[in-house]
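This report refers to the structure that appears directly beneath it.
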Amino acid sequence: MASREATSVSSYAFLEQALWKRFSASADSEQFIKAWLALQCRFVDDSAKGVVVLGEPDIGPFGPVAFWPDDEKPHPQMMAAAEQAMQERKGVVIGGDEEQAATSSIAYPLYFQDRLHGVVAVTLQGREHAERDVLRQLRWGSGWLELQLNRNQIDEDAAYLERTSTAFDILATALESPRFQDACNAIVTELALKLDCNPVSIGFLEGRRIDVKAISHAAQFGEKMNMTRAVGKAMEEAVDQNAVVLYPVKDDWEYRVTRLHEELVSLHRVGSALTIPLHAKGRVFGAITFEGDSFDESRVELCDAIASVVGPVLEEKKLNDRWIGKKLVESFMVQLKRLLGPHYFGRKIAALSLLLLTLYFSYATTDYRVTAPAMLEGKIQRIIVAPFDAFIKSQHARAGQTVEQGELIAKLDDRDLSLERLRWITNRRQHLTEYDKAMAEHNRTEANIRKAQLDEADAQIALLDEQLARTRITAPFSGIIVKGDLTQSVGAAVARGQELFELAPLDAYRVTMEVDERDISGISPGQEGILRITSIPETPLQYTVERIIPVSEQAEGRNYFRVEGRLHVADEQLRPGMEGVAKTLVGERLLIVAWTEKVIDWFRLMLWKWIP
């Protein structure tokens, strides 16, 4: 009989509670049916699809009123199962064809008060589902549709409400207990009082055997006691058959093996024994055994409903009360079974991809380069300064212009020097006249004095000639003026040694890089690299590291070292002062190391910083 089949996979505690709230708060039949179907599909399997077909009782026409998911079209196999269930007026299971061997559709007719109201059908992926459990859940859940379709008759169904109330009372008892063992003790005691049974026992699978966790009205009991062993064996008998077992067996019941239940009844001297397996997440994990005078149809239904409600709750508490190490081990074994066992193809593909990526990154190497901002400078840079204090007379070139060797760049005002030279020439002529007179008079002393004055005048004139020549500032070699613009300074005074121009050649450059202090350890003279200038990024320029300046500098919130390199070939488009990005080849490293080295170094520093 369907009422005595194995306990449903899903938890009716949450299903009934959610539906009852929606049922009592809303009179919208369509919304209620959609919510009911959604909860049914979720509790059967997260991947389940479903449909509810309703119409005029026994007359029709019948049509779908709710789908799950909302945007999914009904599966053809599912609709075929629904039609067959309506025709035969009983639950049906249709397996998939060869192309859909992992798909099965289950349908159950909505047959209320001897009238066919419609059908509910679901489609499941995978063969691991127990069709009998799903049919049983649909049968139990269809009662809520009956309530919605017959709201005026709710008060008449007092027996059903009483069973539901009792099931919720037991559920509340289980939820109030924080620990698994306490919940088991409270449940068996409450069941014994409400159902007039003595005793009520509950046990859970541990490997291949049942471990009895609680017996009503027994604070302490040992595993080796005859009572405990007999109860455990009876539970194992029901769990092995995955079905409700009652002894003595009623005439209209399906066949069950009841030998161990018979021994339990004889040993405990009770009238009858009933064992109901506990289900959760598609598997049997325990059982509840009731012992009493007799169990009629309604009491069996009530016990079955209670087991459906408290089963998932106890399983959850049992899992939560495990030692953390056991949780980790069991979780690992579950994931390992899913990885190596059937189904879960997405997980297998992901694991295989991860393995291939690990192997690839274990051997894949790449050229590791240190990236740094760089600037071009002339290999030789000459600074042209003012030779003496003077005024700027004119400018003939400025920064950015190329000049040839000896070409006039600027000119200083030479009027004061010319006047000074004229004065010394006049003085020389005067001293020369005095010298000739002294020689004529044979006055050797006077002649020597005048001779010294003549020499002084000649030296001054030579000095002034040199200074006059320096008023013409010329290029010492061919190149480009990197710095210097006197356009707005004509007529201004300049002091001796003041910088006027900076000149660099066009055929010899050096690369100056600002290498971050995190990367400087990998740089050494002789390494080669490639420079790309911002203005001509399409042209790679090769260079060789020549010198590392061992003094750090700071700019823009970072520390760096200046590294100088020699450019192999000077392009015609290059100019001193151009900036770009340089990448110096350090060596060959694993690809994953090249990608994660900076992150790992940062993590090491942070860890070192916070470790006491």
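Ordered as shown in the structure tokens, chains take letters A, B, and onward, while each chain numbers its residues from 1 and ligands are numbered from 1 in the order shown.
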Near range 349-354 of chain A, within 12 Å and counting only C-alpha atoms, which residues show up once chain neighbours fewer than 6 positions away are dropped, as a short mmCIF file (atom, residue, chain, number, x, y, z; two decimals) with C-alpha atoms, in the first residue's frame?
data_model
loop_
_atom_site.label_atom_id
_atom_site.label_comp_id
_atom_site.auth_asym_id
_atom_site.auth_seq_id
_atom_site.Cartn_x
_atom_site.Cartn_y
_atom_site.Cartn_z
CA GLN A 335 33.66 14.96 -2.49
CA LEU A 336 36.08 12.17 -3.42
CA ARG A 338 31.48 12.39 -6.26
CA LEU A 339 34.72 12.99 -8.12
CA LEU A 340 35.49 9.31 -8.77
CA HIS A 343 27.45 11.54 -12.40
CA TYR A 360 51.20 23.09 -17.26
CA PHE A 361 52.26 25.68 -14.69
#
Out of range 410-510 of chain A, which residues get helix (DSSP H, G or I) from DSSP, as a VMD selection string? chain A and resid 415 to 440 444 to 470 487 to 489
List as a tab-separated table every residue of range 290-401 of chain A that is in contact with range 245-264 of chain A, defined as an atom at most 10 Å from one of its atoms (using only C-alpha atoms), together with the nearest atom pair and the distance in Å rounded to one decimal, sorted by chain and then rising number.
residue	atom	partner	partner_atom	distance
A:Phe290	CA	A:Leu246	CA	9.4
A:Glu291	CA	A:Leu264	CA	9.1
A:Ser294	CA	A:Pro248	CA	8.6
A:Phe295	CA	A:Leu246	CA	8.2
A:Asp296	CA	A:Lys250	CA	9.2
A:Glu297	CA	A:Lys250	CA	9.7
A:Val300	CA	A:Leu246	CA	8.9
Name the residues in contact with Val511 in chain A at a cut-off of 9 Å, using only C-alpha atoms, excluding same-chain residues fewer than 2 positions from it; report them as a compact mmCIF listing (two decimals) with all heavy atoms, in the first residue's frame.
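Contents of out26.txt, as written:
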# COMPACT_ATOMS: atom_id res chain seq x y z
N ALA A 374 61.74 54.69 -18.20
CA ALA A 374 63.08 55.01 -18.69
C ALA A 374 63.05 56.34 -19.45
O ALA A 374 62.00 56.82 -19.89
CB ALA A 374 63.60 53.89 -19.60
N MET A 375 64.25 56.92 -19.59
CA MET A 375 64.40 58.18 -20.31
C MET A 375 65.70 58.16 -21.08
O MET A 375 66.70 57.59 -20.63
CB MET A 375 64.39 59.35 -19.33
CG MET A 375 64.44 60.72 -20.00
SD MET A 375 64.33 62.09 -18.82
CE MET A 375 65.86 61.87 -17.93
N LEU A 376 65.69 58.78 -22.26
CA LEU A 376 66.89 58.88 -23.08
C LEU A 376 67.69 60.10 -22.68
O LEU A 376 67.14 61.19 -22.49
CB LEU A 376 66.51 58.98 -24.56
CG LEU A 376 66.21 57.69 -25.32
CD1 LEU A 376 65.89 58.00 -26.75
CD2 LEU A 376 67.39 56.73 -25.25
N GLU A 377 69.00 59.92 -22.57
CA GLU A 377 69.92 61.01 -22.31
C GLU A 377 71.08 60.91 -23.28
O GLU A 377 71.41 59.81 -23.75
CB GLU A 377 70.45 60.97 -20.87
CG GLU A 377 69.39 61.19 -19.81
CD GLU A 377 69.97 61.12 -18.41
OE1 GLU A 377 71.18 60.78 -18.29
OE2 GLU A 377 69.24 61.40 -17.44
N GLY A 378 71.70 62.06 -23.58
CA GLY A 378 72.90 62.01 -24.40
C GLY A 378 74.04 61.36 -23.66
O GLY A 378 74.23 61.58 -22.46
N LYS A 379 74.81 60.58 -24.39
CA LYS A 379 75.94 59.92 -23.73
C LYS A 379 76.95 60.94 -23.25
O LYS A 379 77.62 60.75 -22.23
CB LYS A 379 76.59 58.94 -24.72
CG LYS A 379 77.60 58.02 -24.07
CD LYS A 379 78.07 56.95 -25.04
CE LYS A 379 79.03 55.98 -24.35
NZ LYS A 379 79.49 54.93 -25.26
N TYR A 509 73.64 57.83 -27.29
CA TYR A 509 72.64 57.97 -26.24
C TYR A 509 72.88 56.92 -25.16
O TYR A 509 73.50 55.88 -25.40
CB TYR A 509 71.23 57.78 -26.79
CG TYR A 509 70.79 58.86 -27.77
CD1 TYR A 509 70.88 58.65 -29.14
CD2 TYR A 509 70.28 60.06 -27.31
CE1 TYR A 509 70.46 59.62 -30.04
CE2 TYR A 509 69.86 61.04 -28.19
CZ TYR A 509 69.96 60.81 -29.55
OH TYR A 509 69.54 61.78 -30.43
N MET A 513 67.16 54.23 -16.46
CA MET A 513 65.96 53.54 -15.96
C MET A 513 65.81 53.76 -14.47
O MET A 513 66.80 53.85 -13.74
CB MET A 513 66.04 52.04 -16.25
CG MET A 513 66.02 51.69 -17.72
SD MET A 513 66.66 50.02 -18.04
CE MET A 513 68.43 50.31 -18.00
N LEU A 531 63.70 48.78 -25.15
CA LEU A 531 63.09 50.06 -24.77
C LEU A 531 62.10 50.47 -25.86
O LEU A 531 62.41 50.37 -27.05
CB LEU A 531 64.18 51.13 -24.61
CG LEU A 531 63.70 52.57 -24.49
CD1 LEU A 531 62.96 52.79 -23.17
CD2 LEU A 531 64.88 53.53 -24.61
N TYR A 543 69.12 47.63 -25.75
CA TYR A 543 70.14 48.28 -24.93
C TYR A 543 70.82 47.22 -24.06
O TYR A 543 70.32 46.10 -23.90
CB TYR A 543 69.55 49.39 -24.07
CG TYR A 543 68.56 48.90 -23.04
CD1 TYR A 543 68.97 48.46 -21.78
CD2 TYR A 543 67.20 48.86 -23.33
CE1 TYR A 543 68.06 48.01 -20.85
CE2 TYR A 543 66.28 48.39 -22.41
CZ TYR A 543 66.70 47.98 -21.17
OH TYR A 543 65.82 47.52 -20.24
N THR A 544 71.96 47.60 -23.49
CA THR A 544 72.71 46.74 -22.58
C THR A 544 72.98 47.51 -21.29
O THR A 544 73.41 48.67 -21.33
CB THR A 544 74.05 46.29 -23.19
OG1 THR A 544 73.79 45.58 -24.40
CG2 THR A 544 74.81 45.40 -22.23
N VAL A 545 72.68 46.86 -20.15
CA VAL A 545 72.91 47.50 -18.85
C VAL A 545 74.41 47.66 -18.62
O VAL A 545 75.17 46.70 -18.76
CB VAL A 545 72.27 46.68 -17.72
CG1 VAL A 545 72.59 47.28 -16.36
CG2 VAL A 545 70.76 46.58 -17.91
N VAL A 563 69.49 53.06 -13.12
CA VAL A 563 70.29 52.09 -13.86
C VAL A 563 70.54 52.67 -15.25
O VAL A 563 69.61 53.14 -15.91
CB VAL A 563 69.56 50.73 -13.97
CG1 VAL A 563 70.37 49.75 -14.82
CG2 VAL A 563 69.31 50.16 -12.58
N GLU A 564 71.80 52.64 -15.66
CA GLU A 564 72.17 53.21 -16.96
C GLU A 564 72.48 52.09 -17.94
O GLU A 564 73.12 51.08 -17.58
CB GLU A 564 73.37 54.13 -16.82
CG GLU A 564 73.08 55.36 -15.96
CD GLU A 564 74.30 56.27 -15.84
OE1 GLU A 564 75.36 55.90 -16.40
OE2 GLU A 564 74.19 57.33 -15.20
N GLY A 565 72.04 52.27 -19.17
CA GLY A 565 72.29 51.30 -20.21
C GLY A 565 72.74 51.97 -21.50
O GLY A 565 72.45 53.15 -21.75
N ARG A 566 73.45 51.21 -22.31
CA ARG A 566 73.96 51.73 -23.59
C ARG A 566 73.03 51.29 -24.71
O ARG A 566 72.73 50.11 -24.86
CB ARG A 566 75.37 51.18 -23.83
CG ARG A 566 75.94 51.53 -25.21
CD ARG A 566 77.35 50.99 -25.34
NE ARG A 566 77.42 49.57 -25.03
CZ ARG A 566 77.13 48.62 -25.90
NH1 ARG A 566 76.73 48.91 -27.13
NH2 ARG A 566 77.24 47.34 -25.55
N LEU A 567 72.57 52.26 -25.50
CA LEU A 567 71.70 51.98 -26.62
C LEU A 567 72.52 51.43 -27.78
O LEU A 567 73.56 51.99 -28.13
CB LEU A 567 70.96 53.26 -27.03
CG LEU A 567 69.64 53.10 -27.78
CD1 LEU A 567 68.63 52.35 -26.91
CD2 LEU A 567 69.11 54.46 -28.18
N ALA A 582 61.09 50.53 -20.29
CA ALA A 582 62.18 49.59 -20.57
C ALA A 582 61.91 48.27 -19.86
O ALA A 582 61.44 48.25 -18.72
CB ALA A 582 63.52 50.16 -20.10
Using DSSP on the backbone, list every residue of range 554-602 of chain A that comes out as strand (DSSP E), and give them as a VMD selection string. chain A and resid 554 to 555 558 to 567 579 to 590
Can you measure CA of Gly557 in chain A to CA of Val515 in chain A for me? One decimal in Å is fine.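 Between CA of Gly557 in chain A and CA of Val515 in chain A the gap works out to 13.6 Å.
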Residues near Ile533 in chain A, anyone? I mean within 8 Å using only C-alpha atoms, not counting same-chain ones fewer than 2 positions away, as a list in words.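 Answer for this query is Leu531, Ser535, Ile536, Pro537, Thr539, Met578, Glu579, Gly580 and Val581 of chain A.
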Extract, using only C-alpha atoms, all DNA, RNA and protein residues at most 6 Å from range 430-436 of chain A, discarding same-chain residues fewer than 3 positions from it, and format them as a ChimeraX atom specification. /A:427,439,447,450,454
